[in-house]
$ cat input24.pdb   # PDB, C-alpha atoms, pLDDT in the B column
ATOM      1  CA  MET B   1     -41.347  23.840   6.675  1.00 43.00           C
ATOM      2  CA  ALA B   2     -43.435  21.959   4.112  1.00 45.00           C
ATOM      3  CA  SER B   3     -42.875  18.197   4.100  1.00 51.00           C
ATOM      4  CA  LYS B   4     -43.137  17.967   0.334  1.00 57.00           C
ATOM      5  CA  ALA B   5     -41.252  19.761  -2.392  1.00 57.00           C
ATOM      6  CA  LYS B   6     -42.800  20.691  -5.711  1.00 54.00           C
ATOM      7  CA  ILE B   7     -40.288  20.161  -8.513  1.00 51.00           C
ATOM      8  CA  GLY B   8     -41.914  21.026 -11.812  1.00 52.00           C
ATOM      9  CA  VAL B   9     -45.184  19.091 -11.713  1.00 44.00           C
ATOM     10  CA  GLU B  10     -43.732  16.362  -9.485  1.00 67.00           C
ATOM     11  CA  MET B  11     -44.440  16.055  -5.781  1.00 77.00           C
ATOM     12  CA  TYR B  12     -41.904  14.314  -3.573  1.00 82.00           C
ATOM     13  CA  SER B  13     -41.163  13.906   0.102  1.00 83.00           C
ATOM     14  CA  ARG B  14     -38.078  12.435   1.701  1.00 82.00           C
ATOM     15  CA  THR B  15     -40.087   9.300   2.420  1.00 86.00           C
ATOM     16  CA  SER B  16     -41.187   8.830  -1.190  1.00 90.00           C
ATOM     17  CA  SER B  17     -40.544   5.410  -2.709  1.00 94.00           C
ATOM     18  CA  PHE B  18     -37.535   5.022  -4.968  1.00 97.00           C
ATOM     19  CA  GLU B  19     -38.347   5.017  -8.680  1.00 96.00           C
ATOM     20  CA  ALA B  20     -37.023   2.814 -11.461  1.00 96.00           C
ATOM     21  CA  GLY B  21     -34.570   4.666 -13.663  1.00 97.00           C
ATOM     22  CA  ARG B  22     -34.393   7.607 -11.263  1.00 97.00           C
ATOM     23  CA  THR B  23     -32.436   6.151  -8.353  1.00 98.00           C
ATOM     24  CA  ALA B  24     -28.679   5.944  -7.763  1.00 98.00           C
ATOM     25  CA  LEU B  25     -26.344   4.717  -5.054  1.00 98.00           C
ATOM     26  CA  LEU B  26     -23.488   7.123  -4.297  1.00 99.00           C
ATOM     27  CA  VAL B  27     -20.506   5.416  -2.625  1.00 98.00           C
ATOM     28  CA  VAL B  28     -18.292   8.051  -1.009  1.00 98.00           C
ATOM     29  CA  ASP B  29     -14.499   7.603  -0.747  1.00 98.00           C
ATOM     30  CA  MET B  30     -14.488   3.876   0.047  1.00 98.00           C
ATOM     31  CA  GLN B  31     -10.910   3.390  -1.141  1.00 97.00           C
ATOM     32  CA  ASN B  32      -7.799   1.566  -0.016  1.00 95.00           C
ATOM     33  CA  GLU B  33      -6.115   4.773   1.111  1.00 93.00           C
ATOM     34  CA  PHE B  34      -8.570   5.025   3.989  1.00 94.00           C
ATOM     35  CA  CYS B  35      -9.885   1.471   4.346  1.00 93.00           C
ATOM     36  CA  ILE B  36      -6.529  -0.264   4.928  1.00 90.00           C
ATOM     37  CA  PRO B  37      -5.185   0.246   8.481  1.00 88.00           C
ATOM     38  CA  GLY B  38      -1.970   2.259   8.592  1.00 76.00           C
ATOM     39  CA  LYS B  39      -2.194   3.510   5.022  1.00 79.00           C
ATOM     40  CA  ASP B  40      -3.843   6.854   5.824  1.00 76.00           C
ATOM     41  CA  SER B  41      -0.972   9.239   6.485  1.00 72.00           C
ATOM     42  CA  GLN B  42      -3.410  11.712   8.083  1.00 75.00           C
ATOM     43  CA  HIS B  43      -4.452   9.209  10.749  1.00 78.00           C
ATOM     44  CA  PRO B  44      -1.638   6.676  11.361  1.00 75.00           C
ATOM     45  CA  GLU B  45      -3.181   5.856  14.741  1.00 76.00           C
ATOM     46  CA  LEU B  46      -6.098   4.079  13.063  1.00 78.00           C
ATOM     47  CA  ASP B  47      -4.880   0.491  13.355  1.00 81.00           C
ATOM     48  CA  GLU B  48      -6.974  -2.667  13.005  1.00 78.00           C
ATOM     49  CA  GLN B  49      -8.214  -2.332  16.587  1.00 78.00           C
ATOM     50  CA  SER B  50      -9.474   1.225  16.220  1.00 91.00           C
ATOM     51  CA  TYR B  51     -13.199   1.917  16.349  1.00 94.00           C
ATOM     52  CA  PHE B  52     -13.117   3.127  12.745  1.00 95.00           C
ATOM     53  CA  HIS B  53     -11.550   0.034  11.201  1.00 94.00           C
ATOM     54  CA  GLN B  54     -13.518  -2.360  13.371  1.00 96.00           C
ATOM     55  CA  ARG B  55     -16.747  -0.685  12.225  1.00 97.00           C
ATOM     56  CA  LEU B  56     -15.610  -0.840   8.599  1.00 97.00           C
ATOM     57  CA  THR B  57     -14.822  -4.551   8.830  1.00 96.00           C
ATOM     58  CA  SER B  58     -17.755  -5.725  10.935  1.00 97.00           C
ATOM     59  CA  THR B  59     -20.547  -3.485   9.690  1.00 98.00           C
ATOM     60  CA  VAL B  60     -19.892  -0.972   6.923  1.00 98.00           C
ATOM     61  CA  LEU B  61     -18.257  -3.110   4.232  1.00 98.00           C
ATOM     62  CA  PRO B  62     -20.725  -6.033   4.589  1.00 98.00           C
ATOM     63  CA  ASN B  63     -23.678  -3.639   4.475  1.00 98.00           C
ATOM     64  CA  GLN B  64     -22.303  -1.803   1.477  1.00 98.00           C
ATOM     65  CA  ALA B  65     -21.835  -5.090  -0.368  1.00 98.00           C
ATOM     66  CA  LYS B  66     -25.504  -5.915   0.296  1.00 98.00           C
ATOM     67  CA  LEU B  67     -26.634  -2.516  -0.979  1.00 98.00           C
ATOM     68  CA  LEU B  68     -24.507  -2.751  -4.117  1.00 98.00           C
ATOM     69  CA  ASN B  69     -25.620  -6.298  -4.916  1.00 98.00           C
ATOM     70  CA  CYS B  70     -29.283  -5.359  -4.485  1.00 98.00           C
ATOM     71  CA  GLY B  71     -28.831  -2.157  -6.500  1.00 98.00           C
ATOM     72  CA  ARG B  72     -27.256  -4.049  -9.386  1.00 98.00           C
ATOM     73  CA  ARG B  73     -30.021  -6.612  -9.357  1.00 97.00           C
ATOM     74  CA  LYS B  74     -32.646  -3.849  -9.458  1.00 97.00           C
ATOM     75  CA  ASN B  75     -30.788  -1.970 -12.246  1.00 96.00           C
ATOM     76  CA  VAL B  76     -30.068   1.024 -10.024  1.00 98.00           C
ATOM     77  CA  GLU B  77     -27.239   3.300 -11.127  1.00 98.00           C
ATOM     78  CA  ILE B  78     -24.105   2.996  -9.007  1.00 98.00           C
ATOM     79  CA  VAL B  79     -21.691   5.912  -8.781  1.00 98.00           C
ATOM     80  CA  TYR B  80     -18.447   5.997  -6.808  1.00 98.00           C
ATOM     81  CA  THR B  81     -16.450   9.015  -5.777  1.00 98.00           C
ATOM     82  CA  VAL B  82     -12.821   8.728  -4.686  1.00 98.00           C
ATOM     83  CA  ILE B  83     -10.154  11.142  -3.576  1.00 96.00           C
ATOM     84  CA  GLU B  84      -7.666  10.932  -6.436  1.00 96.00           C
ATOM     85  CA  SER B  85      -5.564  13.612  -8.087  1.00 94.00           C
ATOM     86  CA  LEU B  86      -5.677  14.103 -11.839  1.00 93.00           C
ATOM     87  CA  THR B  87      -1.882  14.189 -11.782  1.00 93.00           C
ATOM     88  CA  LYS B  88       0.877  12.050 -10.284  1.00 93.00           C
ATOM     89  CA  ASP B  89       2.296  14.903  -8.212  1.00 94.00           C
ATOM     90  CA  GLY B  90      -1.084  16.282  -7.151  1.00 93.00           C
ATOM     91  CA  ARG B  91      -0.535  19.776  -8.466  1.00 94.00           C
ATOM     92  CA  ASP B  92      -4.250  19.954  -9.341  1.00 92.00           C
ATOM     93  CA  ARG B  93      -5.352  19.442  -5.734  1.00 91.00           C
ATOM     94  CA  SER B  94      -7.419  22.011  -3.885  1.00 90.00           C
ATOM     95  CA  PRO B  95      -5.534  24.410  -1.598  1.00 92.00           C
ATOM     96  CA  ASP B  96      -7.197  22.706   1.371  1.00 91.00           C
ATOM     97  CA  HIS B  97      -5.902  19.262   0.360  1.00 91.00           C
ATOM     98  CA  LYS B  98      -2.424  20.674  -0.228  1.00 91.00           C
ATOM     99  CA  LEU B  99      -2.411  22.332   3.195  1.00 92.00           C
ATOM    100  CA  SER B 100      -3.795  19.152   4.793  1.00 88.00           C
ATOM    101  CA  GLY B 101      -1.307  16.863   3.071  1.00 88.00           C
ATOM    102  CA  ILE B 102      -4.051  14.806   1.420  1.00 89.00           C
ATOM    103  CA  HIS B 103      -2.775  13.280  -1.814  1.00 91.00           C
ATOM    104  CA  VAL B 104      -3.753  10.109  -3.647  1.00 93.00           C
ATOM    105  CA  SER B 105      -1.907  10.083  -6.935  1.00 93.00           C
ATOM    106  CA  ARG B 106      -3.595   9.254 -10.220  1.00 93.00           C
ATOM    107  CA  GLY B 107      -3.913   5.527 -10.821  1.00 92.00           C
ATOM    108  CA  SER B 108      -2.417   4.535  -7.466  1.00 93.00           C
ATOM    109  CA  SER B 109      -3.556   1.556  -5.399  1.00 94.00           C
ATOM    110  CA  GLY B 110      -4.846   3.976  -2.769  1.00 94.00           C
ATOM    111  CA  ALA B 111      -7.501   5.176  -5.205  1.00 95.00           C
ATOM    112  CA  LYS B 112      -8.855   1.652  -5.750  1.00 96.00           C
ATOM    113  CA  MET B 113     -11.779   0.177  -3.822  1.00 96.00           C
ATOM    114  CA  PRO B 114     -11.654  -2.975  -1.674  1.00 96.00           C
ATOM    115  CA  ASP B 115     -12.591  -6.067  -3.680  1.00 96.00           C
ATOM    116  CA  ALA B 116     -15.865  -6.610  -1.777  1.00 96.00           C
ATOM    117  CA  ILE B 117     -17.290  -3.310  -3.030  1.00 98.00           C
ATOM    118  CA  ALA B 118     -15.255  -2.701  -6.195  1.00 98.00           C
ATOM    119  CA  PRO B 119     -17.031  -1.253  -9.260  1.00 97.00           C
ATOM    120  CA  HIS B 120     -18.456  -3.636 -11.851  1.00 95.00           C
ATOM    121  CA  CYS B 121     -18.283  -3.229 -15.614  1.00 90.00           C
ATOM    122  CA  ASP B 122     -18.953   0.392 -16.565  1.00 93.00           C
ATOM    123  CA  GLU B 123     -20.118   1.751 -13.218  1.00 98.00           C
ATOM    124  CA  ILE B 124     -19.078   5.371 -12.853  1.00 98.00           C
ATOM    125  CA  VAL B 125     -16.089   6.435 -10.740  1.00 98.00           C
ATOM    126  CA  ILE B 126     -15.613  10.188 -10.233  1.00 98.00           C
ATOM    127  CA  PRO B 127     -12.278  11.409  -8.820  1.00 97.00           C
ATOM    128  CA  LYS B 128     -12.137  14.490  -6.634  1.00 96.00           C
ATOM    129  CA  THR B 129      -9.611  16.549  -4.679  1.00 94.00           C
ATOM    130  CA  SER B 130     -11.974  18.129  -2.183  1.00 93.00           C
ATOM    131  CA  SER B 131     -14.482  17.174   0.484  1.00 92.00           C
ATOM    132  CA  GLY B 132     -17.522  18.199  -1.531  1.00 95.00           C
ATOM    133  CA  VAL B 133     -18.040  16.106  -4.652  1.00 97.00           C
ATOM    134  CA  PHE B 134     -20.746  18.466  -5.916  1.00 97.00           C
ATOM    135  CA  ASN B 135     -18.417  21.445  -5.555  1.00 93.00           C
ATOM    136  CA  SER B 136     -15.394  20.133  -7.446  1.00 92.00           C
ATOM    137  CA  THR B 137     -16.650  17.630 -10.050  1.00 97.00           C
ATOM    138  CA  ASN B 138     -19.287  17.274 -12.761  1.00 97.00           C
ATOM    139  CA  ILE B 139     -21.367  14.807 -10.705  1.00 98.00           C
ATOM    140  CA  ASP B 140     -24.501  16.958 -10.820  1.00 98.00           C
ATOM    141  CA  TYR B 141     -24.276  17.099 -14.619  1.00 98.00           C
ATOM    142  CA  VAL B 142     -23.770  13.317 -14.754  1.00 98.00           C
ATOM    143  CA  LEU B 143     -26.651  12.504 -12.400  1.00 98.00           C
ATOM    144  CA  ARG B 144     -29.028  14.790 -14.292  1.00 98.00           C
ATOM    145  CA  ASN B 145     -28.004  13.199 -17.593  1.00 98.00           C
ATOM    146  CA  LEU B 146     -28.852   9.835 -16.026  1.00 98.00           C
ATOM    147  CA  GLY B 147     -32.261  11.154 -14.948  1.00 97.00           C
ATOM    148  CA  ILE B 148     -31.559  10.655 -11.247  1.00 97.00           C
ATOM    149  CA  ARG B 149     -33.862  12.155  -8.635  1.00 96.00           C
ATOM    150  CA  PHE B 150     -33.315   9.783  -5.667  1.00 97.00           C
ATOM    151  CA  LEU B 151     -29.779   9.566  -4.276  1.00 98.00           C
ATOM    152  CA  ILE B 152     -28.760   6.979  -1.696  1.00 98.00           C
ATOM    153  CA  VAL B 153     -25.533   8.112  -0.031  1.00 98.00           C
ATOM    154  CA  PHE B 154     -23.097   6.155   2.149  1.00 98.00           C
ATOM    155  CA  GLY B 155     -19.365   5.888   2.760  1.00 98.00           C
ATOM    156  CA  ILE B 156     -16.614   7.640   4.707  1.00 98.00           C
ATOM    157  CA  VAL B 157     -16.244   9.752   6.606  1.00 97.00           C
ATOM    158  CA  THR B 158     -19.695  10.577   7.923  1.00 98.00           C
ATOM    159  CA  ASP B 159     -18.915  14.054   9.236  1.00 97.00           C
ATOM    160  CA  GLN B 160     -16.863  15.260   6.271  1.00 96.00           C
ATOM    161  CA  CYS B 161     -17.264  14.010   2.697  1.00 97.00           C
ATOM    162  CA  VAL B 162     -20.529  12.133   3.335  1.00 98.00           C
ATOM    163  CA  ASP B 163     -21.952  15.149   5.143  1.00 98.00           C
ATOM    164  CA  MET B 164     -21.099  17.471   2.254  1.00 98.00           C
ATOM    165  CA  ALA B 165     -22.512  15.086  -0.355  1.00 98.00           C
ATOM    166  CA  VAL B 166     -25.810  14.897   1.544  1.00 98.00           C
ATOM    167  CA  ARG B 167     -26.181  18.639   2.037  1.00 98.00           C
ATOM    168  CA  ASP B 168     -25.080  19.651  -1.450  1.00 98.00           C
ATOM    169  CA  ALA B 169     -27.272  17.035  -3.131  1.00 98.00           C
ATOM    170  CA  ALA B 170     -30.279  18.200  -1.131  1.00 97.00           C
ATOM    171  CA  ASP B 171     -29.594  21.820  -2.088  1.00 97.00           C
ATOM    172  CA  ARG B 172     -29.589  20.783  -5.739  1.00 96.00           C
ATOM    173  CA  GLY B 173     -33.005  19.142  -5.490  1.00 95.00           C
ATOM    174  CA  TYR B 174     -32.205  15.462  -5.042  1.00 96.00           C
ATOM    175  CA  MET B 175     -34.243  13.373  -2.621  1.00 96.00           C
ATOM    176  CA  VAL B 176     -31.422  12.069  -0.429  1.00 98.00           C
ATOM    177  CA  THR B 177     -31.342   8.956   1.721  1.00 98.00           C
ATOM    178  CA  MET B 178     -28.257   8.461   3.894  1.00 98.00           C
ATOM    179  CA  VAL B 179     -27.499   4.925   5.077  1.00 98.00           C
ATOM    180  CA  ASP B 180     -26.433   5.119   8.723  1.00 98.00           C
ATOM    181  CA  ASP B 181     -24.891   1.663   9.175  1.00 98.00           C
ATOM    182  CA  ALA B 182     -23.112   1.718   5.815  1.00 98.00           C
ATOM    183  CA  SER B 183     -21.090   4.783   6.844  1.00 98.00           C
ATOM    184  CA  ALA B 184     -18.406   5.550   9.417  1.00 98.00           C
ATOM    185  CA  THR B 185     -16.134   8.182  10.857  1.00 96.00           C
ATOM    186  CA  LEU B 186     -13.303   8.129  13.370  1.00 95.00           C
ATOM    187  CA  THR B 187     -15.415   7.850  16.520  1.00 96.00           C
ATOM    188  CA  ARG B 188     -18.908   6.805  17.517  1.00 96.00           C
ATOM    189  CA  GLU B 189     -19.527  10.284  18.933  1.00 97.00           C
ATOM    190  CA  ARG B 190     -18.548  12.039  15.714  1.00 97.00           C
ATOM    191  CA  HIS B 191     -20.826   9.748  13.704  1.00 98.00           C
ATOM    192  CA  ALA B 192     -23.814  10.479  15.955  1.00 98.00           C
ATOM    193  CA  ALA B 193     -23.129  14.213  15.917  1.00 98.00           C
ATOM    194  CA  ALA B 194     -22.993  14.235  12.111  1.00 98.00           C
ATOM    195  CA  LEU B 195     -26.329  12.458  11.781  1.00 98.00           C
ATOM    196  CA  SER B 196     -27.884  14.975  14.145  1.00 98.00           C
ATOM    197  CA  ALA B 197     -26.376  17.886  12.199  1.00 97.00           C
ATOM    198  CA  PHE B 198     -27.416  16.927   8.649  1.00 97.00           C
ATOM    199  CA  GLY B 199     -30.525  14.895   9.407  1.00 96.00           C
ATOM    200  CA  GLY B 200     -32.752  17.724   8.217  1.00 96.00           C
ATOM    201  CA  TYR B 201     -31.375  17.400   4.693  1.00 97.00           C
ATOM    202  CA  CYS B 202     -32.178  13.734   4.122  1.00 97.00           C
ATOM    203  CA  ARG B 203     -33.891  10.554   5.178  1.00 97.00           C
ATOM    204  CA  ILE B 204     -31.569   8.593   7.491  1.00 98.00           C
ATOM    205  CA  ALA B 205     -32.193   4.867   7.233  1.00 98.00           C
ATOM    206  CA  SER B 206     -30.574   1.530   8.004  1.00 98.00           C
ATOM    207  CA  THR B 207     -29.267  -0.903   5.421  1.00 98.00           C
ATOM    208  CA  ARG B 208     -32.212  -3.190   6.137  1.00 98.00           C
ATOM    209  CA  GLU B 209     -34.686  -0.374   5.501  1.00 98.00           C
ATOM    210  CA  VAL B 210     -32.997   0.730   2.285  1.00 98.00           C
ATOM    211  CA  LEU B 211     -32.817  -2.835   0.961  1.00 98.00           C
ATOM    212  CA  ALA B 212     -36.559  -3.174   1.523  1.00 98.00           C
ATOM    213  CA  LEU B 213     -37.178   0.086  -0.388  1.00 98.00           C
ATOM    214  CA  LEU B 214     -34.928  -1.035  -3.235  1.00 98.00           C
ATOM    215  CA  GLU B 215     -36.808  -4.333  -3.470  1.00 98.00           C
ATOM    216  CA  GLU B 216     -40.030  -2.354  -4.065  1.00 97.00           C
ATOM    217  CA  ILE B 217     -38.672  -0.876  -7.313  1.00 96.00           C
ATOM    218  CA  ALA B 218     -40.659  -2.420 -10.144  1.00 86.00           C
TER     219      ALA B 218
END
$ encode --input "input24.pdb" --output "structure tokens"
Amino acid sequence: MASKAKIGVEMYSRTSSFEAGRTALLVVDMQNEFCIPGKDSQHPELDEQSYFHQRLTSTVLPNQAKLLNCGRRKNVEIVYTVIESLTKDGRDRSPDHKLSGIHVSRGSSGAKMPDAIAPHCDEIVIPKTSSGVFNSTNIDYVLRNLGIRFLIVFGIVTDQCVDMAVRDAADRGYMVTMVDDASATLTRERHAAALSAFGGYCRIASTREVLALLEEIA
């Protein structure tokens, strides 16, 4: 497979440098419903001592805060996606979310982000009721209107909503970078398996590496 993709007259590879005005951070589902121990009705076993919440507290949230602060300083677009129904009773949810019992009602505290990574000013927040943000929202339309080509993806959970964002963005022509240590899923093994599975769709990098690339943006 060719290492570079020709898009119009532009030539890119997954290791291309980020470009001013064409780069966005996509924060996936980092919301109270899943970040606060005991709040996720799907996984009540995930208490403060679980691998998932320990990784969030010790690694993921601090790294995400660094990425967001650097992105804002470099005038990079920041887009959040959250699982949140358009209605209070969730009647607009996908059949899968209804069958799975996943429901975060419109405007609820569960749809809000932790203070350390909360949106600033007019940063974009896109609600969804599915795993794949590109399948159930207008995010592709929004990113193209913003002129985005480079998409930096991180969040939870690695092997579900993050995975789908990476694959679907790549299929739509974005140059995707996934930040390994700014993402998490329920177990270490599941996280590693996800990276192995979707690694061909993106550049997988550490927070340190992505910060260095963001600093290069003129």
$ closest_residue --input "input24.pdb" --among "B:Ser136, B:Gln42, B:Thr185, B:Thr129" --to "Leu56 of chain B" --atoms "only C-alpha atoms"
B:Thr185
$ residues_around --input "input24.pdb" --residues "segment 162-178 of chain B" --least-positions-apart "3" --cutoff "10 Å" --atoms "all atoms listed in the file" --output "PyMOL selection string"
chain B and resi 5-7+12-16+18+23-29+131-135+139-140+143-144+148-159+181-185+194-195+197-207+210
$ resolve_selection --input "input24.pdb" --expression "the PyMOL selection byres ((chain B and resi 216) around 12)" --output "JSON, numbers by chain"
{"B": [16, 17, 18, 19, 20, 70, 71, 74, 209, 210, 211, 212, 213, 214, 215, 217, 218]}
$ resolve_selection --input "input24.pdb" --expression "the PyMOL selection byres ((chain B and resi 109) around 12)" --output "list in words"
Gln31, Asn32, Glu33, Phe34, Cys35, Ile36, Lys39, Val82, Ile83, Glu84, Val104, Ser105, Arg106, Gly107, Ser108, Gly110, Ala111, Lys112, Met113, Pro114 and Asp115 of chain B
$ atom_distance --input "input24.pdb" --atom1 "atom CA of Arg91 of chain B" --atom2 "atom CA of Pro127 of chain B"
14.4 Å
$ axis_aligned_box --input "input24.pdb" --around "segment 103-121 of chain B" --padding-each-side "8 Å" --output "lines of an AutoDock Vina configuration file"
center_x = -10.2
center_y = 3.3
center_z = -8.6
size_x = 32.5
size_y = 35.9
size_z = 29.9
$ atom_distance --input "input24.pdb" --atom1 "atom CA of Val60 of chain B" --atom2 "atom CA of Met30 of chain B"
10.0 Å
$ atom_distance --input "input24.pdb" --atom1 "atom CA of Ala192 of chain B" --atom2 "atom CA of Phe52 of chain B"
13.4 Å
$ closest_residue --input "input24.pdb" --among "B:Ile126, B:Leu68, B:Ala193, B:Leu146" --to "Gly21 of chain B" --atoms "only C-alpha atoms"
B:Leu146
